[in-house]
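File shown here: upload10.csv, holding CSV, C-alpha atoms (C1' of nucleotides).
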```csv
chain,number,residue,atom,x,y,z
A,4,MET,CA,15.6,-19.1,-12.0
A,5,VAL,CA,13.4,-20.2,-14.8
A,6,ALA,CA,13.2,-16.8,-16.3
A,7,SER,CA,16.9,-16.1,-15.9
A,8,SER,CA,17.3,-15.2,-19.6
A,9,GLN,CA,14.3,-12.9,-19.4
A,10,PHE,CA,15.9,-11.1,-16.5
A,11,ARG,CA,19.2,-10.8,-18.3
A,12,GLU,CA,17.4,-9.3,-21.2
A,13,LEU,CA,15.6,-6.8,-19.0
A,14,CYS,CA,18.8,-5.7,-17.4
A,15,HIS,CA,20.5,-5.4,-20.8
A,16,ARG,CA,17.6,-3.1,-21.9
A,17,HIS,CA,18.3,-0.9,-18.9
A,18,SER,CA,22.2,-1.2,-19.3
A,19,LEU,CA,22.6,-3.0,-16.0
A,20,ALA,CA,24.8,-5.9,-15.2
A,21,ALA,CA,22.7,-9.0,-14.6
A,22,THR,CA,24.1,-10.2,-11.3
A,23,HIS,CA,22.7,-13.0,-9.2
A,24,GLN,CA,21.9,-10.7,-6.3
A,25,ARG,CA,20.1,-8.3,-8.6
A,26,GLN,CA,18.0,-11.0,-10.0
A,27,VAL,CA,17.0,-12.5,-6.7
A,28,ILE,CA,16.1,-9.0,-5.4
A,29,TYR,CA,14.0,-8.2,-8.4
A,30,GLU,CA,12.2,-11.6,-8.3
A,31,THR,CA,11.6,-11.2,-4.6
A,32,VAL,CA,10.0,-7.8,-5.0
A,33,MET,CA,7.8,-9.1,-7.7
A,34,SER,CA,6.8,-12.2,-5.7
A,35,LEU,CA,6.0,-10.4,-2.4
A,36,PRO,CA,2.3,-9.7,-1.9
A,37,GLY,CA,1.2,-6.1,-1.2
A,38,HIS,CA,3.8,-3.3,-1.1
A,39,PRO,CA,7.0,-4.6,0.5
A,40,SER,CA,9.5,-2.4,2.3
A,41,PRO,CA,13.3,-2.7,1.8
A,42,GLU,CA,13.5,-4.5,5.1
A,43,ALA,CA,10.9,-7.1,4.1
A,44,ILE,CA,12.7,-7.6,0.8
A,45,TYR,CA,16.0,-8.1,2.6
A,46,GLY,CA,14.4,-10.6,4.9
A,47,LYS,CA,13.1,-12.8,2.1
A,48,VAL,CA,16.2,-12.4,-0.2
A,49,ARG,CA,18.4,-13.6,2.7
A,50,LYS,CA,16.7,-16.9,2.5
A,51,LYS,CA,18.2,-17.4,-0.9
A,52,ILE,CA,21.4,-15.5,-0.4
A,53,PRO,CA,22.1,-15.6,3.3
A,54,CYS,CA,25.2,-13.4,3.2
A,55,ILE,CA,23.7,-10.6,1.1
A,56,SER,CA,24.2,-7.1,2.5
A,57,LEU,CA,21.3,-4.8,3.3
A,58,ALA,CA,23.2,-2.1,1.5
A,59,THR,CA,23.1,-4.1,-1.6
A,60,VAL,CA,19.4,-4.4,-1.4
A,61,TYR,CA,19.0,-0.7,-0.9
A,62,LYS,CA,21.4,0.1,-3.7
A,63,ASN,CA,19.6,-2.2,-6.1
A,64,ILE,CA,16.2,-0.9,-5.2
A,65,GLN,CA,17.5,2.6,-5.9
A,66,THR,CA,18.9,1.3,-9.2
A,67,PHE,CA,15.6,-0.2,-10.2
A,68,LEU,CA,13.7,2.9,-9.3
A,69,ASP,CA,16.1,5.1,-11.3
A,70,SER,CA,15.9,2.8,-14.3
A,71,GLY,CA,12.1,2.6,-14.1
A,72,MET,CA,12.1,-1.1,-13.6
A,73,LEU,CA,10.3,-0.6,-10.3
A,74,ARG,CA,8.1,2.1,-8.7
A,75,GLU,CA,7.5,3.5,-5.2
A,76,VAL,CA,3.9,3.3,-3.9
A,77,SER,CA,3.9,6.9,-2.9
A,78,LEU,CA,6.8,9.1,-3.0
A,79,HIS,CA,9.1,9.0,-0.1
A,80,HIS,CA,9.6,12.7,0.7
A,81,GLY,CA,12.2,12.0,3.3
A,82,ALA,CA,10.5,13.8,6.0
A,83,MET,CA,6.9,14.2,7.1
A,84,ARG,CA,5.1,17.1,5.5
A,85,LEU,CA,2.2,18.9,7.0
A,86,GLU,CA,-0.8,20.2,5.3
A,87,PRO,CA,-1.9,23.6,6.6
A,88,ASN,CA,-4.4,24.1,3.7
A,89,HIS,CA,-7.8,23.1,4.9
A,90,GLU,CA,-9.5,23.8,1.6
A,91,PRO,CA,-10.4,20.9,-0.6
A,92,HIS,CA,-7.5,20.4,-3.0
A,93,HIS,CA,-5.2,18.0,-4.5
A,94,HIS,CA,-1.5,17.8,-5.2
A,95,LEU,CA,0.9,18.2,-8.1
A,96,VAL,CA,3.9,16.2,-7.1
A,97,CYS,CA,7.3,16.3,-8.9
A,98,VAL,CA,8.8,12.9,-9.1
A,99,ARG,CA,12.3,14.5,-9.4
A,100,CYS,CA,12.6,17.2,-6.9
A,101,LYS,CA,9.6,15.9,-4.8
A,102,SER,CA,8.1,19.4,-4.5
A,103,ILE,CA,4.4,19.4,-3.8
A,104,GLU,CA,2.1,22.1,-5.1
A,105,ASP,CA,-1.5,22.5,-4.3
A,106,LEU,CA,-4.1,22.2,-7.0
A,107,ASP,CA,-7.5,23.5,-6.3
A,108,ALA,CA,-10.2,20.9,-6.1
A,109,GLY,CA,-12.2,22.8,-8.7
A,110,ASN,CA,-9.6,21.9,-11.3
A,111,LEU,CA,-10.6,18.2,-11.3
A,112,HIS,CA,-13.9,16.7,-11.9
A,113,PRO,CA,-14.9,14.8,-8.7
A,114,VAL,CA,-13.8,11.2,-8.4
A,115,ARG,CA,-16.6,8.8,-8.5
A,116,LEU,CA,-16.5,5.3,-7.1
A,117,ARG,CA,-17.7,3.0,-9.8
A,118,GLN,CA,-19.0,0.7,-7.1
A,119,LYS,CA,-18.6,-0.6,-3.6
A,120,LEU,CA,-15.2,-1.0,-2.0
A,121,PRO,CA,-14.1,-4.3,-0.6
A,122,ARG,CA,-14.7,-5.3,3.1
A,123,GLY,CA,-16.0,-2.6,5.4
A,124,PHE,CA,-13.6,0.1,4.5
A,125,GLN,CA,-14.8,3.5,5.9
A,126,VAL,CA,-13.8,6.2,3.5
A,127,GLU,CA,-12.7,9.4,5.1
A,128,ARG,CA,-11.4,11.3,2.1
A,129,ILE,CA,-9.9,10.8,-1.4
A,130,ALA,CA,-6.5,12.2,-2.2
A,131,ILE,CA,-5.4,12.7,-5.8
A,132,ASP,CA,-1.8,13.2,-6.7
A,133,ILE,CA,-0.8,14.2,-10.1
A,134,LEU,CA,2.7,12.9,-10.5
A,135,GLY,CA,5.1,14.2,-13.1
A,136,VAL,CA,7.9,16.6,-13.7
A,137,CYS,CA,7.6,20.2,-12.6
A,138,ARG,CA,8.7,23.0,-14.9
A,139,ASP,CA,11.9,23.7,-13.0
A,140,CYS,CA,13.1,20.2,-13.2
A,141,ALA,CA,12.0,19.8,-16.8
A,142,SER,CA,14.0,22.8,-17.9
A,143,LYS,CA,17.1,21.9,-15.9
A,144,ASN,CA,17.2,18.4,-17.2
A,145,PRO,CA,14.8,17.7,-20.0
A,146,SER,CA,16.0,14.1,-20.5
A,147,GLY,CA,15.6,12.7,-17.1
A,148,GLU,CA,18.6,11.8,-14.9
A,149,LYS,CA,18.3,12.7,-11.3
A,150,THR,CA,17.8,16.0,-9.5
A,151,LEU,CA,16.9,16.4,-5.9
A,152,SER,CA,18.0,18.9,-3.4
A,153,SER,CA,16.9,22.2,-4.9
A,154,LYS,CA,13.6,23.9,-4.3
A,155,ASN,CA,10.9,22.9,-1.9
A,156,HIS,CA,12.5,19.7,-1.0
A,157,LEU,CA,13.0,20.2,2.7
A,158,SER,CA,12.5,23.8,3.0
A,159,GLY,CA,9.7,25.8,4.2
A,160,GLU,CA,11.4,29.0,5.0
A,161,GLN,CA,10.8,31.5,2.3
B,27,MET,CA,-0.5,36.9,19.4
B,28,VAL,CA,-3.6,38.6,18.1
B,29,ALA,CA,-5.6,35.5,17.9
B,30,SER,CA,-4.4,34.2,21.2
B,31,SER,CA,-8.0,33.7,22.5
B,32,GLN,CA,-9.0,31.9,19.4
B,33,PHE,CA,-6.1,29.5,19.9
B,34,ARG,CA,-7.1,28.9,23.5
B,35,GLU,CA,-10.6,28.1,22.4
B,36,LEU,CA,-9.3,25.7,19.7
B,37,CYS,CA,-7.2,23.9,22.3
B,38,HIS,CA,-10.0,23.8,24.7
B,39,ARG,CA,-12.2,22.2,22.1
B,40,HIS,CA,-9.6,19.5,21.7
B,41,SER,CA,-8.8,19.2,25.4
B,42,LEU,CA,-5.3,20.4,25.1
B,43,ALA,CA,-3.5,22.8,27.3
B,44,ALA,CA,-2.9,26.1,25.6
B,45,THR,CA,0.8,26.6,26.1
B,46,HIS,CA,2.9,29.3,24.5
B,47,GLN,CA,5.0,26.7,22.6
B,48,ARG,CA,2.0,25.0,21.3
B,49,GLN,CA,0.6,28.2,20.0
B,50,VAL,CA,3.7,29.3,18.3
B,51,ILE,CA,4.2,25.9,16.7
B,52,TYR,CA,0.6,25.9,15.4
B,53,GLU,CA,0.8,29.4,14.1
B,54,THR,CA,4.1,28.7,12.4
B,55,VAL,CA,2.7,25.7,10.6
B,56,MET,CA,-0.3,27.7,9.4
B,57,SER,CA,2.0,30.5,8.3
B,58,LEU,CA,4.5,28.6,6.3
B,59,PRO,CA,3.9,28.3,2.6
B,60,GLY,CA,3.6,24.9,1.0
B,61,HIS,CA,4.0,21.8,3.0
B,62,PRO,CA,6.5,22.3,5.8
B,63,SER,CA,8.6,19.5,7.4
B,64,PRO,CA,9.1,19.3,11.2
B,65,GLU,CA,12.6,20.5,10.7
B,66,ALA,CA,11.4,23.6,8.8
B,67,ILE,CA,8.9,24.3,11.4
B,68,TYR,CA,11.5,24.0,14.1
B,69,GLY,CA,13.7,26.4,12.2
B,70,LYS,CA,11.1,29.1,12.1
B,71,VAL,CA,9.7,28.5,15.6
B,72,ARG,CA,13.2,28.9,17.0
B,73,LYS,CA,13.2,32.5,15.8
B,74,LYS,CA,10.4,33.2,18.3
B,75,ILE,CA,11.4,30.7,21.0
B,76,PRO,CA,15.1,30.2,20.7
B,77,CYS,CA,15.4,27.6,23.4
B,78,ILE,CA,12.5,25.4,22.2
B,79,SER,CA,13.4,21.7,21.9
B,80,LEU,CA,13.0,19.8,18.6
B,81,ALA,CA,11.3,17.1,20.6
B,82,THR,CA,8.6,19.5,21.7
B,83,VAL,CA,8.0,20.4,18.1
B,84,TYR,CA,7.7,16.7,17.2
B,85,LYS,CA,5.5,15.9,20.2
B,86,ASN,CA,3.1,18.8,19.4
B,87,ILE,CA,2.9,17.9,15.7
B,88,GLN,CA,1.9,14.4,16.7
B,89,THR,CA,-0.6,15.9,19.1
B,90,PHE,CA,-2.1,18.1,16.4
B,91,LEU,CA,-2.3,15.2,14.0
B,92,ASP,CA,-4.0,12.9,16.6
B,93,SER,CA,-6.5,15.6,17.5
B,94,GLY,CA,-7.2,16.4,13.9
B,95,MET,CA,-6.1,20.0,14.2
B,96,LEU,CA,-3.5,19.3,11.5
B,97,ARG,CA,-3.1,16.7,8.7
B,98,GLU,CA,-0.2,15.1,6.9
B,99,VAL,CA,0.2,15.7,3.2
B,100,SER,CA,0.6,12.0,2.4
B,101,LEU,CA,0.8,9.3,5.0
B,102,HIS,CA,4.2,8.6,6.2
B,103,HIS,CA,4.5,4.9,6.1
B,104,GLY,CA,7.7,4.8,8.0
B,105,ALA,CA,9.6,3.0,5.3
B,106,MET,CA,9.7,3.1,1.5
B,107,ARG,CA,7.2,0.8,-0.1
B,108,LEU,CA,7.6,-0.7,-3.5
B,109,GLU,CA,4.9,-1.3,-6.1
B,110,PRO,CA,5.3,-4.5,-7.9
B,111,ASN,CA,1.9,-4.2,-9.5
B,112,HIS,CA,2.2,-2.8,-13.0
B,113,GLU,CA,-1.5,-2.9,-13.7
B,114,PRO,CA,-3.3,0.4,-13.5
B,115,HIS,CA,-4.8,0.6,-10.1
B,116,HIS,CA,-5.2,2.9,-7.1
B,117,HIS,CA,-4.8,2.5,-3.3
B,118,LEU,CA,-7.0,2.0,-0.3
B,119,VAL,CA,-4.9,3.4,2.6
B,120,CYS,CA,-5.8,2.9,6.2
B,121,VAL,CA,-5.0,6.0,8.2
B,122,ARG,CA,-4.7,4.0,11.4
B,123,CYS,CA,-2.6,1.0,10.6
B,124,LYS,CA,-1.2,2.4,7.3
B,125,SER,CA,-1.9,-0.7,5.4
B,126,ILE,CA,-2.2,-0.3,1.6
B,127,GLU,CA,-4.5,-2.3,-0.5
B,128,ASP,CA,-4.8,-2.2,-4.2
B,129,LEU,CA,-8.0,-1.2,-5.9
B,130,ASP,CA,-8.4,-2.0,-9.5
B,131,ALA,CA,-8.6,1.0,-11.7
B,132,GLY,CA,-11.9,-0.2,-13.1
B,133,ASN,CA,-13.5,0.6,-9.7
B,134,LEU,CA,-13.1,4.3,-10.3
B,135,HIS,CA,-14.4,6.5,-13.0
B,136,PRO,CA,-11.3,8.0,-14.6
B,137,VAL,CA,-10.2,11.3,-13.3
B,138,ARG,CA,-10.6,14.2,-15.6
B,139,LEU,CA,-8.6,17.4,-15.5
B,140,ARG,CA,-11.1,20.2,-15.6
B,141,GLN,CA,-8.5,22.3,-17.3
B,142,LYS,CA,-4.9,23.1,-17.8
B,143,LEU,CA,-2.5,22.7,-15.0
B,144,PRO,CA,-0.3,25.6,-13.9
B,145,ARG,CA,3.2,26.2,-15.4
B,146,GLY,CA,4.6,23.5,-17.7
B,147,PHE,CA,4.0,20.6,-15.5
B,148,GLN,CA,4.5,17.3,-17.4
B,149,VAL,CA,2.0,14.8,-16.1
B,150,GLU,CA,3.3,11.2,-15.9
B,151,ARG,CA,0.4,9.6,-14.0
B,152,ILE,CA,-2.4,10.2,-11.6
B,153,ALA,CA,-2.4,8.4,-8.3
B,154,ILE,CA,-5.6,8.2,-6.3
B,155,ASP,CA,-5.6,7.2,-2.6
B,156,ILE,CA,-8.8,6.5,-0.9
B,157,LEU,CA,-8.0,7.2,2.8
B,158,GLY,CA,-10.0,5.9,5.6
B,159,VAL,CA,-10.2,3.1,8.2
B,160,CYS,CA,-9.9,-0.5,7.2
B,161,ARG,CA,-12.2,-3.1,8.5
B,162,ASP,CA,-9.7,-4.6,10.9
B,163,CYS,CA,-9.0,-1.2,12.5
B,164,ALA,CA,-12.6,-0.3,12.6
B,165,SER,CA,-13.6,-3.4,14.4
B,166,LYS,CA,-10.7,-3.3,16.8
B,167,ASN,CA,-11.4,0.3,17.8
B,168,PRO,CA,-14.6,1.7,16.4
B,169,SER,CA,-14.1,5.0,18.1
B,170,GLY,CA,-10.8,6.2,16.9
B,171,GLU,CA,-7.8,6.3,19.3
B,172,LYS,CA,-4.6,5.0,17.8
B,173,THR,CA,-3.5,1.7,16.4
B,174,LEU,CA,-0.4,1.0,14.5
B,175,SER,CA,1.9,-1.9,14.6
B,176,SER,CA,-0.4,-4.8,13.6
B,177,LYS,CA,-0.9,-6.0,10.1
B,178,ASN,CA,0.7,-4.9,6.9
B,179,HIS,CA,2.5,-2.1,8.5
B,180,LEU,CA,6.1,-3.2,7.8
B,181,SER,CA,5.7,-6.7,6.9
B,182,GLY,CA,5.8,-8.3,3.5
B,183,GLU,CA,6.6,-11.8,4.5
B,184,GLN,CA,3.6,-14.0,4.5
C,17,DC,C1',40.9,-5.9,-18.3
C,18,DT,C1',37.8,-2.5,-16.5
C,19,DA,C1',33.6,-0.5,-15.0
C,20,DG,C1',30.6,-1.4,-12.1
C,21,DA,C1',28.6,-4.5,-8.3
C,22,DT,C1',29.0,-6.4,-3.6
C,23,DG,C1',29.8,-6.6,1.5
C,24,DC,C1',31.0,-4.4,5.5
C,25,DA,C1',30.9,-1.0,8.9
C,26,DA,C1',30.5,3.5,10.0
C,27,DA,C1',27.8,7.7,9.3
C,28,DC,C1',23.4,10.1,8.7
C,29,DA,C1',18.8,11.9,8.9
C,30,DG,C1',14.5,11.8,10.9
C,31,DT,C1',11.9,10.6,14.8
C,32,DT,C1',10.9,8.8,19.4
C,33,DT,C1',11.5,8.1,24.3
C,34,DG,C1',12.7,8.5,29.4
C,35,DC,C1',13.0,11.3,32.9
C,36,DG,C1',13.4,15.3,35.8
C,37,DT,C1',11.4,19.9,36.1
C,38,DC,C1',8.0,23.3,35.1
C,39,DA,C1',3.3,25.4,33.9
C,40,DC,C1',-1.6,25.4,32.7
C,41,DT,C1',-6.0,24.6,34.5
D,12,DA,C1',-2.3,20.5,43.7
D,13,DG,C1',-2.2,17.4,40.0
D,14,DT,C1',-2.0,16.3,35.2
D,15,DG,C1',0.1,17.1,31.4
D,16,DA,C1',3.8,19.9,28.8
D,17,DC,C1',8.7,21.1,28.2
D,18,DG,C1',13.7,20.4,27.5
D,19,DC,C1',17.5,17.6,27.2
D,20,DA,C1',20.1,13.8,25.9
D,21,DA,C1',20.2,9.3,24.5
D,22,DA,C1',18.2,5.7,21.7
D,23,DC,C1',16.1,4.0,17.5
D,24,DT,C1',14.8,3.1,12.7
D,25,DG,C1',15.4,3.6,8.0
D,26,DT,C1',18.8,4.9,4.6
D,27,DT,C1',23.3,6.2,2.6
D,28,DT,C1',28.3,6.2,2.0
D,29,DG,C1',33.3,5.0,1.7
D,30,DC,C1',36.2,1.7,0.6
D,31,DA,C1',38.4,-2.7,-0.4
D,32,DT,C1',37.3,-6.8,-3.0
D,33,DC,C1',35.2,-9.3,-6.5
D,34,DT,C1',32.8,-10.2,-11.1
D,35,DA,C1',30.1,-9.5,-15.4
D,36,DG,C1',30.8,-8.0,-19.8
```
Exercise: express the given structure as structure tokens:
Amino acid sequence: MVASSQFRELCHRHSLAATHQRQVIYETVMSLPGHPSPEAIYGKVRKKIPCISLATVYKNIQTFLDSGMLREVSLHHGAMRLEPNHEPHHHLVCVRCKSIEDLDAGNLHPVRLRQKLPRGFQVERIAIDILGVCRDCASKNPSGEKTLSSKNHLSGEQ
Amino acid sequence: MVASSQFRELCHRHSLAATHQRQVIYETVMSLPGHPSPEAIYGKVRKKIPCISLATVYKNIQTFLDSGMLREVSLHHGAMRLEPNHEPHHHLVCVRCKSIEDLDAGNLHPVRLRQKLPRGFQVERIAIDILGVCRDCASKNPSGEKTLSSKNHLSGEQ
DNA sequence: CTAGATGCAAACAGTTTGCGTCACT
DNA sequence: AGTGACGCAAACTGTTTGCATCTAG
């Protein structure tokens, strides 16, 4: 409410209409601790706008992600993906088509913990994802709209 | 087919019955390139066992994950999770309850690419997940069955 | 005034579950 | 013989869509 003008400006920068719902959703995401799910956001937004639709929440989250105003914790690949590769390796993940390519562990210097982790966390392994745009997506659409579908996305059959 | 006895032994080590379906599913996962989804696995398995049920595929994938015979590429948190934290940081992810905690980037020495990535991949950022068992899960169940539900899982309301 | 945003309900996709039957050990 | 696996269909959860109405620019 206080920063209403800031929000309007932010929307303007991303060519989005500054609606009330949009502002409340955005502020709610930013105010929630941790890494909220759409459902959790909806729950809290509804306290301010009881009649808001869950679809509106989803649509706006998508809008924020597309515009870069918000980010996903880890990419949501739609379906579970299994890892047959037992060799130590990391992943090259395309943020557009969501393809995942293996990258041999030898290509990265090993990660080093600079010091102790908080509260009795027992480390099992460290996963590194290099996020970016793969060659195919970059060539298809150098700027950056949206691509999906294509390639590896849900396939596995060669 | 060739390695049938190997598979029986593998199952025995994990106290699982060595059924035909189980073997075909396992071999299919291992044979598929990349990071197959359950649907893709089902598609290929059906070529060998046309009447197999999708539920059987899911149940066995779950069994393999639980027993450690297979691994997920990145944890499937059930729902999309948003990242309000714009500061550079990484994540501490519990493989049991799937909670996600932030870890300040200063706690890790920066990752260094040991050399060029394959084929025109445009890096946007590098995400590091430290996977393991969080204190709560470790204390509740030091051995390692299954826990889920509890904590951060889908919540966001305080 | 018009493009785009909202709300609703129905549709989807991915995954899980219950239960009767069947097969491995 | 008994425990656990399979197959089927129905249920669920998370997410998306179509369309009529409304609103910011």
After fit on chain A (all C-alpha, ordered pairs), chain B as a compact mmCIF listing (two decimals) with C-alpha atoms, in the frame of the given file:
```txt
# COMPACT_ATOMS: atom_id res chain seq x y z
CA MET B 27 15.72 -19.32 -11.93
CA VAL B 28 13.39 -20.32 -14.72
CA ALA B 29 13.17 -16.92 -16.17
CA SER B 30 16.83 -16.25 -15.81
CA SER B 31 17.19 -15.32 -19.54
CA GLN B 32 14.27 -13.02 -19.37
CA PHE B 33 15.90 -11.21 -16.46
CA ARG B 34 19.16 -10.89 -18.37
CA GLU B 35 17.31 -9.39 -21.28
CA LEU B 36 15.48 -6.93 -18.96
CA CYS B 37 18.80 -5.83 -17.49
CA HIS B 38 20.35 -5.56 -20.82
CA ARG B 39 17.55 -3.31 -21.96
CA HIS B 40 18.30 -1.05 -19.04
CA SER B 41 22.08 -1.34 -19.31
CA LEU B 42 22.53 -3.06 -16.05
CA ALA B 43 24.71 -5.97 -15.27
CA ALA B 44 22.72 -9.10 -14.63
CA THR B 45 24.10 -10.26 -11.33
CA HIS B 46 22.70 -13.06 -9.21
CA GLN B 47 21.88 -10.64 -6.35
CA ARG B 48 20.12 -8.32 -8.61
CA GLN B 49 17.99 -11.06 -9.96
CA VAL B 50 17.03 -12.45 -6.67
CA ILE B 51 16.19 -9.02 -5.31
CA TYR B 52 13.99 -8.26 -8.35
CA GLU B 53 12.25 -11.56 -8.23
CA THR B 54 11.62 -11.22 -4.52
CA VAL B 55 10.02 -7.84 -4.95
CA MET B 56 7.76 -9.15 -7.71
CA SER B 57 6.88 -12.14 -5.56
CA LEU B 58 5.95 -10.46 -2.37
CA PRO B 59 2.32 -9.62 -1.84
CA GLY B 60 1.27 -6.05 -1.24
CA HIS B 61 3.78 -3.33 -1.04
CA PRO B 62 7.03 -4.57 0.47
CA SER B 63 9.56 -2.37 2.35
CA PRO B 64 13.33 -2.71 1.76
CA GLU B 65 13.60 -4.41 5.07
CA ALA B 66 10.97 -7.02 4.09
CA ILE B 67 12.66 -7.60 0.88
CA TYR B 68 15.97 -8.06 2.61
CA GLY B 69 14.36 -10.55 4.94
CA LYS B 70 13.14 -12.74 2.16
CA VAL B 71 16.19 -12.34 -0.10
CA ARG B 72 18.39 -13.49 2.77
CA LYS B 73 16.66 -16.86 2.66
CA LYS B 74 18.18 -17.38 -0.80
CA ILE B 75 21.42 -15.43 -0.31
CA PRO B 76 22.20 -15.52 3.35
CA CYS B 77 25.26 -13.35 3.19
CA ILE B 78 23.71 -10.57 1.05
CA SER B 79 24.26 -7.06 2.46
CA LEU B 80 21.32 -4.74 3.27
CA ALA B 81 23.21 -2.05 1.42
CA THR B 82 23.15 -4.08 -1.76
CA VAL B 83 19.42 -4.43 -1.41
CA TYR B 84 19.08 -0.65 -0.97
CA LYS B 85 21.48 0.14 -3.82
CA ASN B 86 19.61 -2.21 -6.23
CA ILE B 87 16.19 -0.85 -5.24
CA GLN B 88 17.43 2.62 -6.04
CA THR B 89 18.81 1.28 -9.29
CA PHE B 90 15.49 -0.30 -10.22
CA LEU B 91 13.62 2.86 -9.35
CA ASP B 92 16.01 5.08 -11.42
CA SER B 93 15.76 2.75 -14.40
CA GLY B 94 12.03 2.51 -14.13
CA MET B 95 12.02 -1.23 -13.62
CA LEU B 96 10.26 -0.65 -10.29
CA ARG B 97 8.13 2.16 -8.78
CA GLU B 98 7.45 3.46 -5.30
CA VAL B 99 3.94 3.25 -3.94
CA SER B 100 3.89 6.90 -2.86
CA LEU B 101 6.85 9.20 -3.08
CA HIS B 102 9.01 9.18 -0.11
CA HIS B 103 9.59 12.76 0.68
CA GLY B 104 12.26 12.10 3.18
CA ALA B 105 10.50 13.87 5.99
CA MET B 106 6.90 14.21 7.16
CA ARG B 107 5.08 17.07 5.54
CA LEU B 108 2.20 18.87 7.09
CA GLU B 109 -0.89 20.22 5.35
CA PRO B 110 -1.98 23.50 6.65
CA ASN B 111 -4.45 23.97 3.84
CA HIS B 112 -7.93 22.97 4.96
CA GLU B 113 -9.56 23.77 1.66
CA PRO B 114 -10.38 20.81 -0.53
CA HIS B 115 -7.58 20.46 -2.95
CA HIS B 116 -5.21 17.91 -4.49
CA HIS B 117 -1.43 17.78 -5.15
CA LEU B 118 0.92 18.28 -8.04
CA VAL B 119 4.00 16.21 -7.05
CA CYS B 120 7.27 16.42 -8.88
CA VAL B 121 8.88 13.01 -9.09
CA ARG B 122 12.32 14.54 -9.47
CA CYS B 123 12.61 17.22 -6.87
CA LYS B 124 9.62 16.01 -4.77
CA SER B 125 8.13 19.39 -4.49
CA ILE B 126 4.37 19.50 -3.74
CA GLU B 127 2.09 22.09 -5.06
CA ASP B 128 -1.53 22.49 -4.30
CA LEU B 129 -4.16 22.25 -6.97
CA ASP B 130 -7.55 23.53 -6.22
CA ALA B 131 -10.18 20.89 -6.15
CA GLY B 132 -12.20 22.78 -8.73
CA ASN B 133 -9.52 21.86 -11.33
CA LEU B 134 -10.58 18.24 -11.24
CA HIS B 135 -13.85 16.63 -11.98
CA PRO B 136 -14.79 14.84 -8.76
CA VAL B 137 -13.79 11.27 -8.51
CA ARG B 138 -16.55 8.77 -8.59
CA LEU B 139 -16.44 5.29 -7.13
CA ARG B 140 -17.66 2.98 -9.83
CA GLN B 141 -18.92 0.70 -7.13
CA LYS B 142 -18.57 -0.63 -3.67
CA LEU B 143 -15.20 -0.97 -2.15
CA PRO B 144 -14.04 -4.30 -0.74
CA ARG B 145 -14.63 -5.29 2.94
CA GLY B 146 -16.01 -2.61 5.27
CA PHE B 147 -13.61 0.07 4.43
CA GLN B 148 -14.74 3.44 5.87
CA VAL B 149 -13.77 6.15 3.44
CA GLU B 150 -12.65 9.43 5.07
CA ARG B 151 -11.36 11.25 1.97
CA ILE B 152 -9.92 10.84 -1.45
CA ALA B 153 -6.50 12.21 -2.18
CA ILE B 154 -5.42 12.70 -5.76
CA ASP B 155 -1.74 13.23 -6.70
CA ILE B 156 -0.86 14.24 -10.14
CA LEU B 157 2.75 12.98 -10.53
CA GLY B 158 5.09 14.25 -13.07
CA VAL B 159 7.96 16.71 -13.66
CA CYS B 160 7.67 20.31 -12.63
CA ARG B 161 8.72 23.08 -14.86
CA ASP B 162 11.91 23.84 -12.99
CA CYS B 163 13.06 20.21 -13.21
CA ALA B 164 12.05 19.91 -16.77
CA SER B 165 14.00 22.90 -17.85
CA LYS B 166 17.04 22.03 -15.80
CA ASN B 167 17.22 18.50 -17.20
CA PRO B 168 14.81 17.83 -20.02
CA SER B 169 16.02 14.32 -20.45
CA GLY B 170 15.57 12.74 -17.12
CA GLU B 171 18.63 11.85 -14.97
CA LYS B 172 18.27 12.77 -11.34
CA THR B 173 17.76 15.99 -9.48
CA LEU B 174 16.90 16.38 -5.90
CA SER B 175 18.07 18.83 -3.38
CA SER B 176 16.98 22.17 -4.91
CA LYS B 177 13.72 23.85 -4.23
CA ASN B 178 10.92 22.89 -1.93
CA HIS B 179 12.47 19.66 -1.03
CA LEU B 180 12.94 20.22 2.73
CA SER B 181 12.55 23.82 3.05
CA GLY B 182 9.60 25.77 4.32
CA GLU B 183 11.33 28.95 5.24
CA GLN B 184 10.89 31.60 2.67
```
Exercise. Just how far from atom CA of His93 of chain A is atom CA of Met95 of chain B, in Å to one decimal?
Worked result: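 Atom-to-atom, atom CA of Met95 of chain B and atom CA of His93 of chain A are spaced 18.8 Å apart.
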Could you tell me, as a CSV table (one decimal) with C-alpha atoms (C1' of nucleotides), keeping the file's coordinate frame, which residues have any atom at most 12 Å from (23.2, -5.0, 3.6), counting all atoms listed in the file?
```csv
chain,number,residue,atom,x,y,z
A,24,GLN,CA,21.9,-10.7,-6.3
A,41,PRO,CA,13.3,-2.7,1.8
A,42,GLU,CA,13.5,-4.5,5.1
A,44,ILE,CA,12.7,-7.6,0.8
A,45,TYR,CA,16.0,-8.1,2.6
A,46,GLY,CA,14.4,-10.6,4.9
A,48,VAL,CA,16.2,-12.4,-0.2
A,49,ARG,CA,18.4,-13.6,2.7
A,52,ILE,CA,21.4,-15.5,-0.4
A,53,PRO,CA,22.1,-15.6,3.3
A,54,CYS,CA,25.2,-13.4,3.2
A,55,ILE,CA,23.7,-10.6,1.1
A,56,SER,CA,24.2,-7.1,2.5
A,57,LEU,CA,21.3,-4.8,3.3
A,58,ALA,CA,23.2,-2.1,1.5
A,59,THR,CA,23.1,-4.1,-1.6
A,60,VAL,CA,19.4,-4.4,-1.4
A,61,TYR,CA,19.0,-0.7,-0.9
A,62,LYS,CA,21.4,0.1,-3.7
A,63,ASN,CA,19.6,-2.2,-6.1
A,64,ILE,CA,16.2,-0.9,-5.2
C,22,DT,C1',29.0,-6.4,-3.6
C,23,DG,C1',29.8,-6.6,1.5
C,24,DC,C1',31.0,-4.4,5.5
C,25,DA,C1',30.9,-1.0,8.9
D,26,DT,C1',18.8,4.9,4.6
D,27,DT,C1',23.3,6.2,2.6
```
